[in-house]
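Structure below is model_20.cif: mmCIF, C-alpha atoms and all ligand atoms.
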data_final
loop_
_atom_site.label_atom_id
_atom_site.label_comp_id
_atom_site.auth_asym_id
_atom_site.auth_seq_id
_atom_site.Cartn_x
_atom_site.Cartn_y
_atom_site.Cartn_z
CA MET Q 7 -9.44 26.98 -34.96
CA SER Q 8 -7.94 25.23 -31.95
CA ASN Q 9 -6.97 27.12 -28.86
CA LEU Q 10 -5.54 23.93 -27.41
CA LEU Q 11 -1.97 22.65 -27.34
CA GLY Q 12 -0.54 20.77 -30.31
CA ALA Q 13 2.81 19.05 -30.84
CA THR Q 14 4.64 22.30 -31.65
CA GLN Q 15 3.40 24.15 -28.56
CA ILE Q 16 4.19 21.17 -26.33
CA ARG Q 17 7.76 21.07 -27.67
CA GLU Q 18 8.13 24.81 -27.19
CA LEU Q 19 6.92 24.61 -23.60
CA ALA Q 20 9.19 21.64 -22.88
CA THR Q 21 12.17 23.54 -24.30
CA LYS Q 22 11.30 26.64 -22.30
CA LEU Q 23 11.16 24.60 -19.07
CA ASP Q 24 14.15 22.47 -20.06
CA LEU Q 25 11.85 19.54 -19.32
CA LYS Q 26 13.10 15.98 -19.68
CA PRO Q 27 9.95 13.90 -19.22
CA THR Q 28 10.47 11.14 -16.65
CA LYS Q 29 9.06 7.60 -16.65
CA LYS Q 30 8.94 7.69 -12.86
CA LEU Q 31 6.27 10.41 -12.98
CA GLY Q 32 4.55 8.87 -16.02
CA GLN Q 33 5.21 12.02 -18.04
CA ASN Q 34 3.72 11.33 -21.47
CA PHE Q 35 1.99 14.45 -22.68
CA VAL Q 36 -0.95 14.48 -25.08
CA VAL Q 37 -0.02 16.48 -28.18
CA ASP Q 38 -3.33 16.11 -30.00
CA ALA Q 39 -6.16 18.59 -29.41
CA ASN Q 40 -8.83 16.24 -30.81
CA THR Q 41 -7.95 13.58 -28.24
CA CYS Q 42 -8.32 16.13 -25.44
CA ARG Q 43 -11.69 17.33 -26.74
CA LYS Q 44 -12.85 13.72 -27.10
CA ILE Q 45 -11.90 12.90 -23.49
CA VAL Q 46 -13.67 15.99 -22.19
CA LYS Q 47 -16.78 15.25 -24.28
CA LEU Q 48 -16.97 11.73 -22.87
CA ALA Q 49 -17.21 13.21 -19.37
CA ASP Q 50 -20.47 15.12 -20.12
CA ILE Q 51 -19.31 18.25 -18.35
CA LYS Q 52 -21.81 21.02 -17.63
CA SER Q 53 -20.88 24.71 -17.61
CA SER Q 54 -21.61 24.77 -13.85
CA ASP Q 55 -19.23 21.87 -13.10
CA ILE Q 56 -15.98 22.08 -11.17
CA ALA Q 57 -13.56 19.62 -12.75
CA LEU Q 58 -10.70 17.97 -10.90
CA GLU Q 59 -7.64 17.05 -12.97
CA ILE Q 60 -4.74 15.00 -11.66
CA GLY Q 61 -1.39 15.53 -13.36
CA PRO Q 62 -2.19 18.41 -15.73
CA GLY Q 63 1.35 18.32 -17.09
CA LEU Q 64 1.78 21.01 -19.75
CA GLY Q 65 -1.96 21.72 -19.80
CA SER Q 66 -3.27 19.87 -22.87
CA LEU Q 67 -6.34 18.52 -21.10
CA THR Q 68 -6.63 21.48 -18.72
CA LEU Q 69 -7.28 23.90 -21.60
CA ALA Q 70 -9.92 21.55 -23.04
CA LEU Q 71 -11.56 21.31 -19.61
CA LEU Q 72 -11.58 25.09 -19.21
CA GLU Q 73 -13.49 25.37 -22.51
CA VAL Q 74 -16.53 23.61 -21.03
CA SER Q 75 -16.42 23.73 -17.22
CA LYS Q 76 -16.87 26.48 -14.68
CA GLU Q 77 -13.55 25.84 -12.93
CA VAL Q 78 -10.66 23.42 -12.91
CA ILE Q 79 -8.70 22.24 -9.88
CA ALA Q 80 -5.41 20.73 -11.07
CA ILE Q 81 -3.06 18.74 -8.84
CA GLU Q 82 0.47 18.39 -10.19
CA ILE Q 83 3.46 16.92 -8.36
CA ASP Q 84 6.12 18.49 -10.62
CA SER Q 85 6.57 22.09 -9.45
CA ARG Q 86 7.99 23.33 -12.78
CA LEU Q 87 4.83 22.16 -14.55
CA ALA Q 88 2.56 23.49 -11.80
CA GLN Q 89 4.18 26.94 -11.98
CA GLN Q 90 3.91 27.11 -15.75
CA LEU Q 91 0.25 26.07 -15.96
CA PRO Q 92 -1.41 29.40 -15.02
CA ILE Q 93 0.96 31.18 -17.43
CA THR Q 94 -0.06 28.84 -20.28
CA VAL Q 95 -3.73 29.26 -19.42
CA ALA Q 96 -3.43 33.07 -19.38
CA THR Q 97 -1.58 33.01 -22.71
CA HIS Q 98 -4.58 31.19 -24.16
CA GLY Q 99 -6.87 34.01 -23.05
CA VAL Q 100 -8.52 32.11 -20.20
CA ASP Q 101 -9.23 33.82 -16.87
CA THR Q 102 -6.80 32.22 -14.42
CA LYS Q 103 -9.33 32.75 -11.61
CA ARG Q 104 -11.07 29.70 -13.03
CA LEU Q 105 -7.99 27.57 -12.38
CA THR Q 106 -6.59 26.38 -9.05
CA VAL Q 107 -3.23 24.63 -9.25
CA LEU Q 108 -2.06 22.61 -6.28
CA THR Q 109 1.58 21.51 -6.29
CA GLN Q 110 1.09 18.24 -4.53
CA ASP Q 111 1.28 14.47 -4.73
CA ALA Q 112 -2.25 13.36 -5.60
CA MET Q 113 -1.78 10.43 -3.21
CA GLN Q 114 -1.36 12.85 -0.30
CA VAL Q 115 -4.42 15.00 -0.97
CA THR Q 116 -6.98 14.71 1.81
CA ARG Q 117 -9.12 17.82 1.34
CA LEU Q 118 -9.96 20.46 -1.23
CA ASP Q 119 -11.40 23.93 -0.68
CA LYS Q 120 -14.08 23.35 -3.31
CA GLU Q 121 -16.13 20.28 -4.10
CA PRO Q 122 -15.33 18.87 -7.54
CA ASP Q 123 -18.22 17.46 -9.60
CA VAL Q 124 -16.23 15.53 -12.13
CA LEU Q 125 -12.77 13.95 -12.45
CA VAL Q 126 -10.97 14.05 -15.78
CA ALA Q 127 -7.36 12.95 -15.93
CA ASN Q 128 -4.64 11.36 -17.95
CA LEU Q 129 -3.42 9.59 -14.83
CA PRO Q 130 0.23 8.92 -14.05
CA TYR Q 131 0.33 5.21 -14.81
CA ASN Q 132 2.26 3.96 -11.80
CA VAL Q 133 -0.35 5.29 -9.35
CA SER Q 134 -3.51 5.27 -11.47
CA VAL Q 135 -5.57 2.75 -9.49
CA PRO Q 136 -4.80 4.01 -5.95
CA VAL Q 137 -5.31 7.62 -7.07
CA LEU Q 138 -8.68 6.80 -8.62
CA LEU Q 139 -9.88 4.77 -5.63
CA ASN Q 140 -8.65 7.40 -3.12
CA LEU Q 141 -10.44 10.19 -4.93
CA LEU Q 142 -13.68 8.21 -5.10
CA GLU Q 143 -13.39 7.60 -1.37
CA LEU Q 144 -12.40 11.13 -0.35
CA PHE Q 145 -14.63 13.24 -2.57
CA PRO Q 146 -18.24 11.98 -2.74
CA SER Q 147 -19.07 15.15 -4.72
CA ILE Q 148 -17.35 13.55 -7.74
CA LYS Q 149 -20.28 12.01 -9.55
CA ARG Q 150 -18.61 10.90 -12.76
CA GLY Q 151 -15.44 11.12 -14.72
CA VAL Q 152 -13.16 9.87 -17.45
CA VAL Q 153 -9.64 8.68 -16.77
CA MET Q 154 -6.94 7.62 -19.17
CA VAL Q 155 -4.91 4.68 -17.90
CA GLN Q 156 -2.74 1.90 -19.26
CA SER Q 157 -4.93 -0.42 -21.40
CA GLU Q 158 -4.30 -3.39 -19.12
CA VAL Q 159 -5.44 -1.38 -16.13
CA ALA Q 160 -8.54 -0.21 -18.02
CA GLU Q 161 -9.35 -3.85 -18.81
CA ARG Q 162 -9.06 -4.68 -15.12
CA LEU Q 163 -11.20 -1.77 -14.01
CA VAL Q 164 -14.10 -2.66 -16.34
CA ALA Q 165 -13.76 -6.47 -16.10
CA LYS Q 166 -16.70 -8.76 -15.53
CA ALA Q 167 -16.70 -11.50 -12.88
CA ASP Q 168 -15.15 -14.83 -13.89
CA SER Q 169 -12.56 -13.30 -16.20
CA LYS Q 170 -8.81 -13.21 -15.61
CA GLU Q 171 -8.83 -9.40 -15.57
CA TYR Q 172 -11.37 -9.31 -12.73
CA GLY Q 173 -9.63 -8.50 -9.46
CA SER Q 174 -9.26 -6.20 -6.50
CA PRO Q 175 -9.25 -2.93 -8.58
CA THR Q 176 -12.46 -4.02 -10.32
CA VAL Q 177 -14.35 -4.94 -7.17
CA LYS Q 178 -13.14 -1.94 -5.18
CA GLY Q 179 -13.99 0.36 -8.08
CA ASN Q 180 -17.45 -1.23 -8.21
CA TRP Q 181 -18.01 -0.33 -4.58
CA TRP Q 182 -18.19 3.30 -5.69
CA ALA Q 183 -19.13 3.39 -9.32
CA ASP Q 184 -20.15 1.74 -12.56
CA LEU Q 185 -17.03 1.61 -14.74
CA THR Q 186 -17.18 1.34 -18.51
CA TRP Q 187 -14.67 1.08 -21.34
CA ALA Q 188 -14.65 4.37 -23.27
CA GLY Q 189 -12.15 3.56 -26.04
CA GLY Q 190 -8.50 2.98 -26.79
CA VAL Q 191 -6.04 5.83 -27.37
CA SER Q 192 -3.28 5.66 -29.98
CA ARG Q 193 0.32 5.85 -28.78
CA SER Q 194 0.97 8.45 -31.46
CA VAL Q 195 -0.95 11.18 -29.58
CA PHE Q 196 1.71 11.32 -26.86
CA TRP Q 197 5.09 12.91 -26.48
CA PRO Q 198 7.23 11.05 -25.68
CA VAL Q 199 5.54 7.99 -27.25
CA PRO Q 200 4.91 5.50 -24.41
CA ASN Q 201 5.77 1.82 -24.70
CA VAL Q 202 2.36 0.74 -23.42
CA ASP Q 203 -1.15 1.17 -24.83
CA SER Q 204 -3.64 3.52 -23.23
CA ALA Q 205 -7.40 3.49 -22.87
CA LEU Q 206 -10.20 5.56 -21.41
CA VAL Q 207 -12.51 4.49 -18.61
CA ARG Q 208 -15.69 6.34 -17.76
CA PHE Q 209 -17.16 6.00 -14.29
CA ASP Q 210 -20.53 6.98 -12.87
CA ARG Q 211 -20.94 6.94 -9.12
CA HIS Q 212 -23.87 4.87 -7.95
CA ALA Q 213 -25.81 4.92 -4.68
CA PRO Q 214 -23.67 3.85 -1.71
CA ILE Q 215 -23.58 0.08 -1.21
CA GLY Q 216 -22.94 0.39 2.54
CA SER Q 217 -21.52 2.52 5.33
CA GLU Q 218 -17.84 3.46 5.63
CA ALA Q 219 -17.40 0.79 8.35
CA GLN Q 220 -18.88 -1.81 6.00
CA ARG Q 221 -16.64 -0.64 3.17
CA ILE Q 222 -13.50 -1.04 5.28
CA LYS Q 223 -14.49 -4.61 6.19
CA THR Q 224 -15.49 -5.42 2.61
CA PHE Q 225 -12.15 -4.14 1.25
CA LYS Q 226 -10.36 -6.36 3.80
CA VAL Q 227 -12.24 -9.41 2.50
CA ILE Q 228 -11.45 -8.38 -1.11
CA ASP Q 229 -7.73 -8.04 -0.28
CA HIS Q 230 -7.63 -11.50 1.26
CA ALA Q 231 -9.64 -13.10 -1.56
CA PHE Q 232 -7.41 -11.75 -4.33
CA ALA Q 233 -4.11 -12.24 -2.49
CA LYS Q 234 -4.83 -15.93 -3.07
CA ARG Q 235 -7.05 -15.72 -6.12
CA ARG Q 236 -6.58 -19.34 -7.24
CA LYS Q 237 -7.78 -20.63 -3.89
CA MET Q 238 -11.33 -21.39 -2.85
CA MET Q 239 -12.83 -18.71 -0.65
CA ARG Q 240 -12.85 -20.87 2.50
CA SER Q 241 -9.08 -21.17 2.36
CA ALA Q 242 -8.38 -17.68 0.98
CA LEU Q 243 -10.29 -16.26 3.97
CA SER Q 244 -9.01 -18.70 6.60
CA GLU Q 245 -6.51 -16.25 8.09
CA LEU Q 246 -9.12 -13.49 8.24
CA PHE Q 247 -11.70 -15.68 10.02
CA GLY Q 248 -9.20 -17.61 12.18
CA GLY Q 249 -9.21 -20.93 10.31
CA SER Q 250 -10.83 -22.54 7.32
CA ALA Q 251 -13.70 -24.06 9.36
CA PRO Q 252 -14.87 -20.68 10.71
CA ALA Q 253 -14.32 -19.20 7.23
CA GLN Q 254 -16.51 -21.94 5.76
CA GLU Q 255 -19.25 -21.27 8.34
CA ALA Q 256 -19.12 -17.52 7.71
CA LEU Q 257 -19.41 -18.06 3.95
CA ILE Q 258 -22.41 -20.37 4.39
CA ARG Q 259 -24.08 -17.85 6.70
CA ALA Q 260 -23.48 -15.20 4.01
CA GLY Q 261 -25.14 -17.46 1.44
CA ILE Q 262 -21.90 -17.96 -0.51
CA ASP Q 263 -20.58 -21.33 -1.71
CA PRO Q 264 -17.33 -21.82 0.32
CA THR Q 265 -15.66 -23.56 -2.64
CA ILE Q 266 -16.13 -20.62 -4.99
CA ARG Q 267 -13.18 -18.35 -5.97
CA GLY Q 268 -13.12 -14.62 -5.33
CA GLU Q 269 -13.03 -13.86 -9.05
CA ALA Q 270 -16.62 -15.15 -9.34
CA LEU Q 271 -18.08 -12.81 -6.69
CA THR Q 272 -19.68 -9.40 -7.06
CA VAL Q 273 -18.95 -6.51 -4.73
CA GLU Q 274 -22.35 -7.03 -3.08
CA GLN Q 275 -21.41 -10.63 -2.31
CA PHE Q 276 -18.10 -9.49 -0.83
CA GLY Q 277 -20.20 -7.11 1.30
CA GLN Q 278 -22.36 -10.03 2.52
CA ILE Q 279 -19.23 -11.95 3.56
CA ALA Q 280 -17.83 -8.86 5.32
CA GLN Q 281 -20.98 -8.66 7.46
CA GLN Q 282 -19.88 -11.92 9.09
CA LEU Q 283 -16.69 -10.28 10.39
CA SER Q 284 -17.01 -9.13 13.97
N1 LIG U 1 -2.45 15.71 -18.37
C1 LIG U 1 -1.22 15.82 -19.13
C2 LIG U 1 -1.48 15.39 -20.55
O1 LIG U 1 -2.48 14.69 -20.77
O2 LIG U 1 -0.71 15.77 -21.42
C3 LIG U 1 -0.07 15.02 -18.53
C4 LIG U 1 -0.38 13.58 -18.23
S1 LIG U 1 1.02 12.62 -17.76
C5 LIG U 1 0.48 11.02 -18.24
C6 LIG U 1 0.93 12.48 -16.00
C7 LIG U 1 1.16 13.78 -15.21
O3 LIG U 1 0.99 13.49 -13.81
C8 LIG U 1 2.52 14.39 -15.33
O4 LIG U 1 2.39 15.77 -15.53
C9 LIG U 1 3.22 14.10 -13.99
O5 LIG U 1 4.17 15.07 -13.61
C10 LIG U 1 2.02 14.08 -13.04
N2 LIG U 1 2.16 13.25 -11.85
C11 LIG U 1 2.88 12.09 -11.70
N3 LIG U 1 2.72 11.57 -10.48
C12 LIG U 1 1.87 12.41 -9.82
C13 LIG U 1 1.30 12.41 -8.51
N4 LIG U 1 1.58 11.44 -7.62
N5 LIG U 1 0.48 13.43 -8.17
C14 LIG U 1 0.18 14.43 -9.05
N6 LIG U 1 0.69 14.47 -10.30
C15 LIG U 1 1.51 13.48 -10.70
#
Write the structure described by the file as structure tokens, please.
Ligand code: SAM
Amino acid sequence: MSNLLGATQIRELATKLDLKPTKKLGQNFVVDANTCRKIVKLADIKSSDIALEIGPGLGSLTLALLEVSKEVIAIEIDSRLAQQLPITVATHGVDTKRLTVLTQDAMQVTRLDKEPDVLVANLPYNVSVPVLLNLLELFPSIKRGVVMVQSEVAERLVAKADSKEYGSPTVKGNWWADLTWAGGVSRSVFWPVPNVDSALVRFDRHAPIGSEAQRIKTFKVIDHAFAKRRKMMRSALSELFGGSAPAQEALIRAGIDPTIRGEALTVEQFGQIAQQLS
């Protein structure tokens, strides 16, 4: 029934390419068609949607995305995998005109010829947070998505204030979108089997919280607050405001208790503090 890749096809492709998956590039390929369909379903893709996929690898998720979307743009750093992808897609009877493969580092992408509506990716783990935040910043057309990341990273992305997982990735992610836990993924669906757990995060972009200039200032405050997360805000922000007395005054003007810690503040509150920066 399935026209997707299973364990046997993944092995065959890896043998054909003489591929030795590397940890450096986070190369753990999904060998289970049901997992791919589940991920795609969670993203609520419409037949008119252009999907962006980062790190398509051998194409497990790409084929599932092509079943439901209008087009897929796939960005893959490993040229052997990027070259093989259209061949795999054609072999599965899919029109390759619906697929654009860019052989590129996702961290270096600054523009795309088409505007993606949705992001779906089993992200390379070592760059998952910066890739996600960059894409949310660069491509406002992306309205929602589902990403697979290391479980610990997923916990951080969806954390609530006042928890130990709550930090810079959470607050920065919240600048752009509502992030929700969308389920754990068994290690057994990957080849090779990773030594960390994985989980899915769904995001839905919300209305902009502020202008780009405000965002830049807010992210600066967030960076300072979480660089010294055990400190009270007046001392965590002292360098940024030129001393703890001016930091204290700025926090009071922003309506924030100067003795609070960053992990208790929402992104909107970070925005209020940032407005005090000249
Ligand atoms: N999507 C495939 C799957 O689910 O089977 C592969 C996912 S694997 C976890 C991550 C993929 O991202 C690999 O194919 C790897 O080569 C690619 N990759 C790693 N770093 C990258 C980067 N900076 N930019 C683009 N692709 C990258």
Exercise. Would you list the contacts of range 209-222 of chain Q as a PyMOL selection string, taking every protein, DNA or RNA residue within 8 Å and counting all atoms listed in the file, but skipping same-chain residues closer than 2 positions in sequence?
Key: chain Q and resi 148-152+181-186+207+224-226+274+277+280-281
Practice problem: Please check which protein, DNA or RNA residues sit within 9 Å of ligand LIG 1 (chain U), counting all atoms listed in the file, and write them as number ranges by chain. | Solution: Q: 16, 27-28, 30-38, 42, 59-68, 80-85, 87-88, 108-115, 127-134, 137, 154-155, 196-197
Self-check item: Residues near Leu19 in chain Q, cut-off 9 Å, all atoms listed in the file, skip fewer than 4 positions along chain, as a list in words
Solution: Thr14, Gln15, Leu23, Asp24, Leu25, Leu64, Gln90 and Thr94 of chain Q
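Among the candidates Q:Leu11, Q:Leu142, Q:Ala270, Q:Ala253, the residue lying nearest to Glu171 in chain Q is Q:Ala270 (atoms considered: all atoms listed in the file).
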Self-check item: Separation of CA of Val46 in chain Q from CA of Pro122 in chain Q in Å
Solution: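 So the two atoms, CA of Pro122 in chain Q and CA of Val46 in chain Q, lie 15.0 Å apart.
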Exercise. Compile the contact shell of Val74 in chain Q as number ranges by chain: residues with an atom at most 8 Å away, counting only C-alpha atoms, same-chain residues fewer than 4 positions apart removed.
Key: Q: 51-53, 70
Practice problem: Check the smallest atom-to-atom distance from each of Q:Leu206, Q:Glu245, Q:Arg267, Q:Ile228 to Thr41 in chain Q using all atoms listed in the file, then report the winner. | Solution: Q:Leu206
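Between CA of Gln156 in chain Q and CA of Leu71 in chain Q there is a distance of 21.3 Å.
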Exercise. One decimal, Å: what's the distance from CA of Ser147 in chain Q over to CA of Asp50 in chain Q, could you say?
Key: 15.5 Å
Quiz prompt | Selection as a list in words: residues within 9 Å of (-1.3, 29.1, -12.5), counting all atoms listed in the file | solution =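 So the residues meeting the distance criterion are Ala88, Gln89, Gln90, Leu91, Pro92, Ile93, Thr94, Val95, Ala96, Thr102, Lys103, Leu105, Thr106 and Val107 of chain Q.
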Self-check item: Nearest to Lys26 in chain Q, chosen from Q:Ala242, Q:Arg86, Q:Val124, Q:Glu255, with all atoms listed in the file counted in the distances
Solution: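 Using all atoms listed in the file, the shortest distance to Lys26 in chain Q belongs to Q:Arg86.
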Quiz item: With all atoms listed in the file as the basis for distance, which of Q:Pro136, Q:Gly173, Q:Gly179, Q:Gly99 is at the shortest distance from Lys234 in chain Q?
Solution: Q:Gly173
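Nearest to Leu138 in chain Q of all the residues Q:Val227, Q:Val153, Q:Val273, Q:Val159 is Q:Val153, counting all atoms listed in the file.
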Practice problem: Can you work out which one of Q:Ser157, Q:Gln282, Q:Ser174, Q:Thr116 has the shortest atom-to-atom distance to Leu141 in chain Q, counting all atoms listed in the file? | Solution: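 Nearest to Leu141 in chain Q: Q:Thr116.
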Could you write out as AutoDock Vina command-line options the box around range 99-104 of chain Q (axis-aligned, all atoms listed in the file, 6 Å on each side), with centre and edge lengths in Å to one decimal?
--center_x -8.9 --center_y 31.9 --center_z -17.3 --size_x 16.3 --size_y 16.3 --size_z 23.4
